[in-house]
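Novice: Structure: final21.csv, CSV, C-alpha atoms.
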chain,number,residue,atom,x,y,z
A,748,MET,CA,-1.2,2.7,5.2
A,749,GLU,CA,2.1,2.2,3.4
A,750,VAL,CA,3.4,-1.3,2.8
A,751,MET,CA,7.1,-2.0,2.6
A,752,GLU,CA,8.2,-5.1,0.7
A,753,ARG,CA,11.3,-7.1,1.6
A,754,LYS,CA,14.4,-6.5,-0.4
A,755,ASP,CA,17.8,-8.1,-0.6
A,756,ASN,CA,20.7,-6.3,1.1
A,757,PRO,CA,23.6,-5.6,-1.2
A,758,ASN,CA,25.7,-4.1,1.7
A,759,ALA,CA,25.8,-7.4,3.6
A,760,ALA,CA,29.3,-8.4,2.2
A,761,SER,CA,30.7,-5.0,3.2
A,762,GLY,CA,29.7,-5.4,6.9
A,763,VAL,CA,27.0,-2.8,6.6
A,764,ARG,CA,23.6,-4.0,7.7
A,765,GLU,CA,20.2,-2.4,7.4
A,766,TYR,CA,17.8,-2.1,10.3
A,767,LEU,CA,14.2,-1.1,10.5
A,768,THR,CA,14.0,1.2,13.5
A,769,PHE,CA,10.9,1.6,15.7
A,770,ARG,CA,9.8,3.1,19.0
A,771,LEU,CA,8.5,1.5,22.1
A,772,ASP,CA,7.7,4.1,24.7
A,773,GLN,CA,10.8,6.3,24.9
A,774,GLU,CA,13.2,3.7,23.5
A,775,GLU,CA,14.3,3.1,19.9
A,776,TYR,CA,14.9,-0.4,18.6
A,777,GLY,CA,16.3,-1.9,15.4
A,778,ILE,CA,15.6,-5.2,13.7
A,779,ASP,CA,17.3,-6.7,10.6
A,780,ILE,CA,15.4,-5.4,7.6
A,781,LEU,CA,15.6,-8.8,5.9
A,782,LYS,CA,13.2,-10.2,8.5
A,783,VAL,CA,10.5,-7.6,7.7
A,784,GLN,CA,7.8,-8.7,5.3
A,785,GLU,CA,5.6,-5.6,5.5
A,786,ILE,CA,4.3,-2.8,7.7
A,787,ARG,CA,0.6,-2.4,8.3
A,788,GLY,CA,-1.7,-0.2,10.3
A,789,TYR,CA,-3.0,-1.7,13.5
A,790,GLU,CA,-6.2,-3.7,13.3
A,791,VAL,CA,-7.8,-5.4,16.3
A,792,PRO,CA,-6.9,-9.1,16.2
A,793,THR,CA,-9.1,-12.0,17.1
A,794,ARG,CA,-8.4,-12.9,20.7
A,795,ILE,CA,-7.1,-16.3,21.7
A,796,ALA,CA,-8.4,-17.8,24.9
A,797,ASN,CA,-5.9,-18.2,27.8
A,798,ALA,CA,-3.1,-16.6,25.7
A,799,PRO,CA,-0.4,-14.4,27.5
A,800,SER,CA,-1.4,-10.7,27.7
A,801,PHE,CA,1.2,-9.7,25.2
A,802,LEU,CA,-0.2,-12.1,22.6
A,803,LYS,CA,-3.1,-9.9,21.4
A,804,GLY,CA,-4.6,-12.6,19.1
A,805,VAL,CA,-4.4,-13.4,15.4
A,806,VAL,CA,-5.2,-11.8,12.1
A,807,ASN,CA,-5.9,-13.3,8.7
A,808,LEU,CA,-3.2,-11.9,6.3
A,809,ARG,CA,-4.1,-13.0,2.8
A,810,GLY,CA,-5.0,-16.5,3.9
A,811,THR,CA,-2.2,-16.9,6.5
A,812,ILE,CA,-3.2,-16.8,10.2
A,813,VAL,CA,-0.6,-14.5,11.9
A,814,PRO,CA,-0.2,-14.2,15.7
A,815,ILE,CA,0.1,-10.6,16.9
A,816,VAL,CA,2.5,-9.8,19.7
A,817,ASP,CA,2.3,-6.4,21.4
A,818,MET,CA,6.0,-5.6,22.1
A,819,ARG,CA,5.0,-2.8,24.4
A,820,ILE,CA,3.3,-5.2,26.8
A,821,LYS,CA,6.1,-7.8,26.3
A,822,PHE,CA,8.7,-5.2,27.2
A,823,ASN,CA,6.7,-3.8,30.1
A,824,CYS,CA,6.3,-0.3,28.7
A,825,ALA,CA,4.4,2.2,30.8
A,826,ASN,CA,2.0,3.1,27.9
A,827,ALA,CA,0.5,0.7,25.4
A,828,ASP,CA,-2.0,3.1,23.8
A,829,TYR,CA,-3.3,2.5,20.3
A,830,SER,CA,-3.1,5.6,18.1
A,831,SER,CA,-2.9,6.5,14.4
A,832,PHE,CA,0.9,5.9,14.7
A,833,THR,CA,0.6,2.4,16.1
A,834,VAL,CA,1.7,-0.1,13.5
A,835,VAL,CA,2.2,-3.9,13.1
A,836,ILE,CA,5.5,-5.0,11.6
A,837,ILE,CA,4.9,-8.4,9.8
A,838,LEU,CA,8.0,-10.5,10.2
A,839,ASN,CA,9.0,-13.5,8.1
A,840,LEU,CA,11.1,-15.7,10.3
A,841,GLY,CA,11.5,-18.6,7.9
A,842,THR,CA,9.0,-21.1,9.2
A,843,ARG,CA,6.8,-18.6,10.9
A,844,ILE,CA,5.0,-15.3,10.1
A,845,VAL,CA,4.5,-13.1,13.2
A,846,GLY,CA,3.2,-9.6,13.6
A,847,ILE,CA,4.6,-7.2,16.3
A,848,VAL,CA,2.8,-4.1,17.6
A,849,VAL,CA,5.0,-1.1,18.1
A,850,ASP,CA,4.3,2.6,18.9
A,851,SER,CA,5.7,3.8,15.5
A,852,VAL,CA,8.2,3.0,12.8
A,853,SER,CA,11.1,5.5,12.4
A,854,ASP,CA,13.1,4.6,9.4
A,855,VAL,CA,15.6,2.2,7.8
A,856,MET,CA,19.2,2.8,8.9
A,857,GLU,CA,22.5,1.4,7.6
A,858,LEU,CA,24.9,0.5,10.4
A,859,PRO,CA,28.5,-0.5,9.7
A,860,ALA,CA,29.7,-3.3,12.1
A,861,GLY,CA,32.0,-0.7,13.8
A,862,SER,CA,29.1,1.4,15.0
A,863,ILE,CA,27.5,-1.5,16.9
A,864,LYS,CA,28.7,-2.0,20.5
A,865,PRO,CA,28.0,-4.9,22.8
A,866,ALA,CA,25.1,-4.5,25.1
A,867,PRO,CA,26.0,-4.1,28.8
A,868,GLU,CA,25.1,-7.1,30.9
A,869,VAL,CA,22.1,-6.0,33.0
A,870,ASP,CA,19.2,-7.9,34.3
A,871,SER,CA,16.5,-6.5,32.0
A,872,GLY,CA,14.1,-9.4,31.9
A,873,LEU,CA,15.0,-9.7,28.3
A,874,ASP,CA,17.2,-12.7,27.3
A,875,ALA,CA,20.7,-11.3,26.6
A,876,ASP,CA,20.9,-13.5,23.5
A,877,CYS,CA,18.1,-11.5,21.9
A,878,ILE,CA,20.1,-8.2,22.0
A,879,VAL,CA,22.6,-8.0,19.2
A,880,GLY,CA,24.1,-4.8,20.6
A,881,LEU,CA,23.7,-1.1,20.7
A,882,GLY,CA,24.0,0.9,17.6
A,883,SER,CA,24.8,4.6,17.6
A,884,VAL,CA,23.9,7.0,14.8
A,885,GLY,CA,24.7,10.6,15.7
A,886,ASP,CA,23.0,11.2,19.1
A,887,ARG,CA,20.6,8.3,18.6
A,888,MET,CA,21.1,5.0,20.5
A,889,LEU,CA,19.4,1.9,19.0
A,890,ILE,CA,18.8,-1.3,20.9
A,891,LEU,CA,19.4,-3.9,18.2
A,892,LEU,CA,17.3,-7.0,18.6
A,893,ASP,CA,17.7,-10.5,17.2
A,894,ILE,CA,13.9,-10.7,16.5
A,895,GLY,CA,14.1,-14.3,15.4
A,896,LYS,CA,15.6,-15.5,18.7
A,897,LEU,CA,13.1,-13.3,20.7
A,898,MET,CA,10.1,-14.7,18.9
A,899,ALA,CA,11.4,-18.3,19.3
A,900,GLY,CA,11.7,-17.9,23.1
A,901,SER,CA,9.8,-20.5,25.1
A,902,ASP,CA,7.9,-17.7,26.9
A,903,MET,CA,6.4,-16.4,23.6
A,904,ALA,CA,3.8,-19.1,23.3
A,905,LEU,CA,4.5,-19.3,19.6
A,906,SER,CA,5.6,-22.9,19.3
A,907,GLY,CA,5.1,-25.0,16.2
A,908,ASP,CA,5.5,-24.3,12.6
A,909,ALA,CA,3.3,-21.9,10.6
A,910,ASP,CA,1.7,-23.2,7.4
For this file, produce the structure as C-alpha coordinates.
Specialist:
Amino acid sequence: MEVMERKDNPNAASGVREYLTFRLDQEEYGIDILKVQEIRGYEVPTRIANAPSFLKGVVNLRGTIVPIVDMRIKFNCANADYSSFTVVIILNLGTRIVGIVVDSVSDVMELPAGSIKPAPEVDSGLDADCIVGLGSVGDRMLILLDIGKLMAGSDMALSGDAD
(Lines of atoms letter the chains of each structure in order from A and count residues from 1; the text may use other names and numbers.)
(Lines give C-alpha, C1' and ligand atoms only; values in the text may rest on other atoms or scores of the structure.)
Protein backbone atom coordinates (compact mmCIF):
# COMPACT_ATOMS: atom_id res chain seq x y z
CA MET A 1 0.00 0.00 0.00
CA GLU A 2 1.31 3.43 -0.81
CA VAL A 3 2.50 5.61 2.03
CA MET A 4 2.29 9.37 1.82
CA GLU A 5 4.67 11.40 3.96
CA ARG A 6 3.83 14.83 5.35
CA LYS A 7 5.16 17.88 3.59
CA ASP A 8 5.19 21.60 4.24
CA ASN A 9 2.72 23.74 2.36
CA PRO A 10 4.39 26.58 0.40
CA ASN A 11 0.96 27.88 -0.73
CA ALA A 12 -0.24 28.73 2.81
CA ALA A 13 0.88 32.39 2.52
CA SER A 14 -1.09 32.84 -0.72
CA GLY A 15 -4.37 31.67 0.83
CA VAL A 16 -4.30 28.38 -1.08
CA ARG A 17 -4.60 25.31 1.14
CA GLU A 18 -4.13 21.68 0.30
CA TYR A 19 -6.69 19.10 1.37
CA LEU A 20 -6.56 15.33 1.28
CA THR A 21 -9.93 14.22 -0.05
CA PHE A 22 -11.63 10.96 0.87
CA ARG A 23 -14.99 9.28 0.50
CA LEU A 24 -17.45 8.14 3.12
CA ASP A 25 -20.41 6.43 1.47
CA GLN A 26 -21.54 8.86 -1.27
CA GLU A 27 -19.98 12.01 0.24
CA GLU A 28 -16.54 13.47 -0.33
CA TYR A 29 -14.65 15.11 2.52
CA GLY A 30 -11.43 17.07 2.78
CA ILE A 31 -8.95 17.48 5.63
CA ASP A 32 -5.87 19.70 5.89
CA ILE A 33 -2.99 17.79 4.31
CA LEU A 34 -0.64 19.06 7.04
CA LYS A 35 -2.50 16.90 9.59
CA VAL A 36 -1.88 13.73 7.56
CA GLN A 37 1.10 11.63 8.56
CA GLU A 38 0.54 8.68 6.22
CA ILE A 39 -2.05 6.52 4.49
CA ARG A 40 -2.15 2.78 5.17
CA GLY A 41 -4.19 -0.20 4.12
CA TYR A 42 -6.81 -1.32 6.63
CA GLU A 43 -5.71 -3.92 9.16
CA VAL A 44 -7.95 -5.27 11.89
CA PRO A 45 -7.16 -3.40 15.13
CA THR A 46 -7.07 -4.85 18.64
CA ARG A 47 -10.49 -4.20 20.16
CA ILE A 48 -10.81 -2.17 23.36
CA ALA A 49 -13.48 -3.35 25.83
CA ASN A 50 -16.48 -1.03 26.32
CA ALA A 51 -15.28 1.44 23.66
CA PRO A 52 -17.85 3.25 21.50
CA SER A 53 -18.73 1.33 18.31
CA PHE A 54 -16.88 3.82 16.07
CA LEU A 55 -13.63 3.27 18.03
CA LYS A 56 -12.56 0.07 16.31
CA GLY A 57 -9.54 -0.48 18.59
CA VAL A 58 -5.82 0.22 18.45
CA VAL A 59 -2.86 -0.73 16.26
CA ASN A 60 0.85 -0.66 16.97
CA LEU A 61 2.43 1.73 14.46
CA ARG A 62 6.21 1.49 14.77
CA GLY A 63 6.01 1.42 18.57
CA THR A 64 3.19 3.97 18.95
CA ILE A 65 -0.25 2.73 20.01
CA VAL A 66 -2.73 4.42 17.66
CA PRO A 67 -6.51 4.48 18.23
CA ILE A 68 -8.51 3.70 15.08
CA VAL A 69 -11.79 5.57 14.51
CA ASP A 70 -14.15 4.30 11.80
CA MET A 71 -15.51 7.56 10.37
CA ARG A 72 -18.23 5.67 8.50
CA ILE A 73 -19.74 4.52 11.79
CA LYS A 74 -19.09 7.90 13.45
CA PHE A 75 -20.96 9.68 10.63
CA ASN A 76 -23.78 7.07 10.51
CA CYS A 77 -23.07 5.96 6.94
CA ALA A 78 -25.35 3.25 5.60
CA ASN A 79 -22.43 1.04 4.55
CA ALA A 80 -19.27 0.34 6.52
CA ASP A 81 -17.94 -2.56 4.49
CA TYR A 82 -14.24 -3.32 4.42
CA SER A 83 -12.84 -3.73 0.91
CA SER A 84 -9.52 -3.43 -0.88
CA PHE A 85 -10.19 0.33 -1.16
CA THR A 86 -10.71 0.81 2.60
CA VAL A 87 -7.80 2.78 4.05
CA VAL A 88 -6.66 4.24 7.33
CA ILE A 89 -5.45 7.84 7.31
CA ILE A 90 -2.94 8.31 10.11
CA LEU A 91 -3.28 11.83 11.52
CA ASN A 92 -0.69 13.74 13.49
CA LEU A 93 -2.69 16.11 15.68
CA GLY A 94 0.20 17.52 17.70
CA THR A 95 -0.14 15.67 20.99
CA ARG A 96 -1.97 12.69 19.53
CA ILE A 97 -1.66 10.24 16.66
CA VAL A 98 -5.05 8.89 15.50
CA GLY A 99 -6.09 6.71 12.58
CA ILE A 100 -9.38 7.20 10.74
CA VAL A 101 -11.00 4.54 8.56
CA VAL A 102 -12.49 5.83 5.31
CA ASP A 103 -13.97 4.15 2.22
CA SER A 104 -11.23 5.44 -0.08
CA VAL A 105 -8.79 8.30 -0.56
CA SER A 106 -9.37 10.41 -3.67
CA ASP A 107 -6.53 12.88 -4.09
CA VAL A 108 -4.86 16.03 -2.80
CA MET A 109 -6.55 19.23 -3.94
CA GLU A 110 -5.48 22.84 -3.72
CA LEU A 111 -8.34 25.15 -2.77
CA PRO A 112 -8.03 28.93 -2.77
CA ALA A 113 -9.84 30.63 0.10
CA GLY A 114 -12.38 32.06 -2.38
CA SER A 115 -13.62 28.61 -3.38
CA ILE A 116 -14.59 27.70 0.21
CA LYS A 117 -18.11 28.64 1.25
CA PRO A 118 -19.54 28.55 4.76
CA ALA A 119 -21.47 25.40 5.58
CA PRO A 120 -25.22 25.89 5.97
CA GLU A 121 -26.47 25.59 9.52
CA VAL A 122 -28.26 22.27 9.72
CA ASP A 123 -28.71 19.80 12.54
CA SER A 124 -26.43 17.07 11.23
CA GLY A 125 -25.36 15.50 14.49
CA LEU A 126 -21.87 16.78 13.68
CA ASP A 127 -20.60 19.74 15.68
CA ALA A 128 -20.73 22.77 13.36
CA ASP A 129 -17.31 23.87 14.67
CA CYS A 130 -15.85 20.76 13.02
CA ILE A 131 -16.92 21.83 9.52
CA VAL A 132 -14.59 24.43 8.01
CA GLY A 133 -16.86 24.94 5.02
CA LEU A 134 -17.81 23.55 1.64
CA GLY A 135 -15.24 23.55 -1.11
CA SER A 136 -16.18 23.38 -4.76
CA VAL A 137 -13.92 22.16 -7.51
CA GLY A 138 -15.70 21.89 -10.83
CA ASP A 139 -18.83 19.82 -10.17
CA ARG A 140 -17.37 18.28 -6.98
CA MET A 141 -18.54 19.45 -3.57
CA LEU A 142 -16.19 18.77 -0.64
CA ILE A 143 -17.18 18.89 3.01
CA LEU A 144 -14.08 20.37 4.63
CA LEU A 145 -13.48 19.14 8.17
CA ASP A 146 -11.40 20.52 11.01
CA ILE A 147 -10.20 17.04 11.88
CA GLY A 148 -8.33 18.26 14.98
CA LYS A 149 -11.52 19.65 16.54
CA LEU A 150 -13.49 16.58 15.51
CA MET A 151 -11.01 14.18 17.12
CA ALA A 152 -10.81 16.35 20.26
CA GLY A 153 -14.58 16.20 20.83
CA SER A 154 -15.70 14.85 24.19
CA ASP A 155 -17.77 12.12 22.47
CA MET A 156 -14.70 10.67 20.75
CA ALA A 157 -13.36 8.88 23.86
CA LEU A 158 -9.84 9.98 22.92
CA SER A 159 -8.98 11.99 26.02
CA GLY A 160 -5.46 12.35 27.32
CA ASP A 161 -2.13 12.84 25.59
CA ALA A 162 -0.44 10.26 23.42
CA ASP A 163 3.13 9.33 24.24
Novice: What lies within 10 Å of range 781-797 of chain A using all atoms listed in the file, ignoring chain neighbours under 3 positions off, as number ranges by chain?
Specialist: A: 748-756, 764-767, 778, 800, 802-807, 813-815, 829-841, 844-849, 851-852, 893-895
Novice: With distances taken over only C-alpha atoms, which residue among A:Thr811, A:Ser883, A:Asp902, A:Phe801 lies nearest Glu857 in chain A?
Specialist: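 Of A:Thr811, A:Ser883, A:Asp902, A:Phe801, the one nearest Glu857 in chain A, counting only C-alpha atoms, is A:Ser883.
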Novice: What is the CA of Ile878 in chain A-CA of Arg843 in chain A distance in Å, reported with one decimal?
Specialist: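 Separating CA of Ile878 in chain A from CA of Arg843 in chain A is a distance of 20.2 Å.
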Novice: Between A:Ile812, A:Ala866, A:Leu891, A:Lys821, which has the minimum distance to Pro799 in chain A (counting only C-alpha atoms)?
Specialist: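 That would be A:Lys821, the residue with the smallest distance to Pro799 in chain A.
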Novice: Using all atoms listed in the file for the distances, tell me which of A:Leu858, A:Leu892, A:Ala798, A:Val763 is nearest to Val879 in chain A.
Specialist: A:Leu892
Novice: Compare A:Val884, A:Met818, A:Leu771, A:Met903 by their minimum atom-to-atom distance to Ser862 in chain A, counting all atoms listed in the file, and give me the closest one.
Specialist: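 Of the candidates, the smallest distance to Ser862 in chain A is held by A:Val884.
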Novice: How many Å lie between CA of Arg819 in chain A and CA of Thr842 in chain A, rounded to one decimal?
Specialist: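 Value for the CA of Arg819 in chain A-CA of Thr842 in chain A distance: 24.1 Å.
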Novice: Rounded to one decimal place, report the CA of Ser901 in chain A-CA of Ala875 in chain A distance in Å.
Specialist: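 Taking CA of Ser901 in chain A as the start and CA of Ala875 in chain A as the end point, the length is 14.3 Å.
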Novice: Choose the residue, out of A:Cys824, A:Met888, A:Val816, A:Cys877, that has the smallest atom-to-atom separation from Glu775 in chain A; count only C-alpha atoms.
Specialist: A:Met888
Novice: Using all atoms listed in the file, pick whichever of A:Asp779, A:Gln773, A:Gly882, A:Asp876 has the shortest atom-to-atom distance to Pro859 in chain A.
Specialist: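 For Pro859 in chain A, the nearest of the given residues is A:Gly882.
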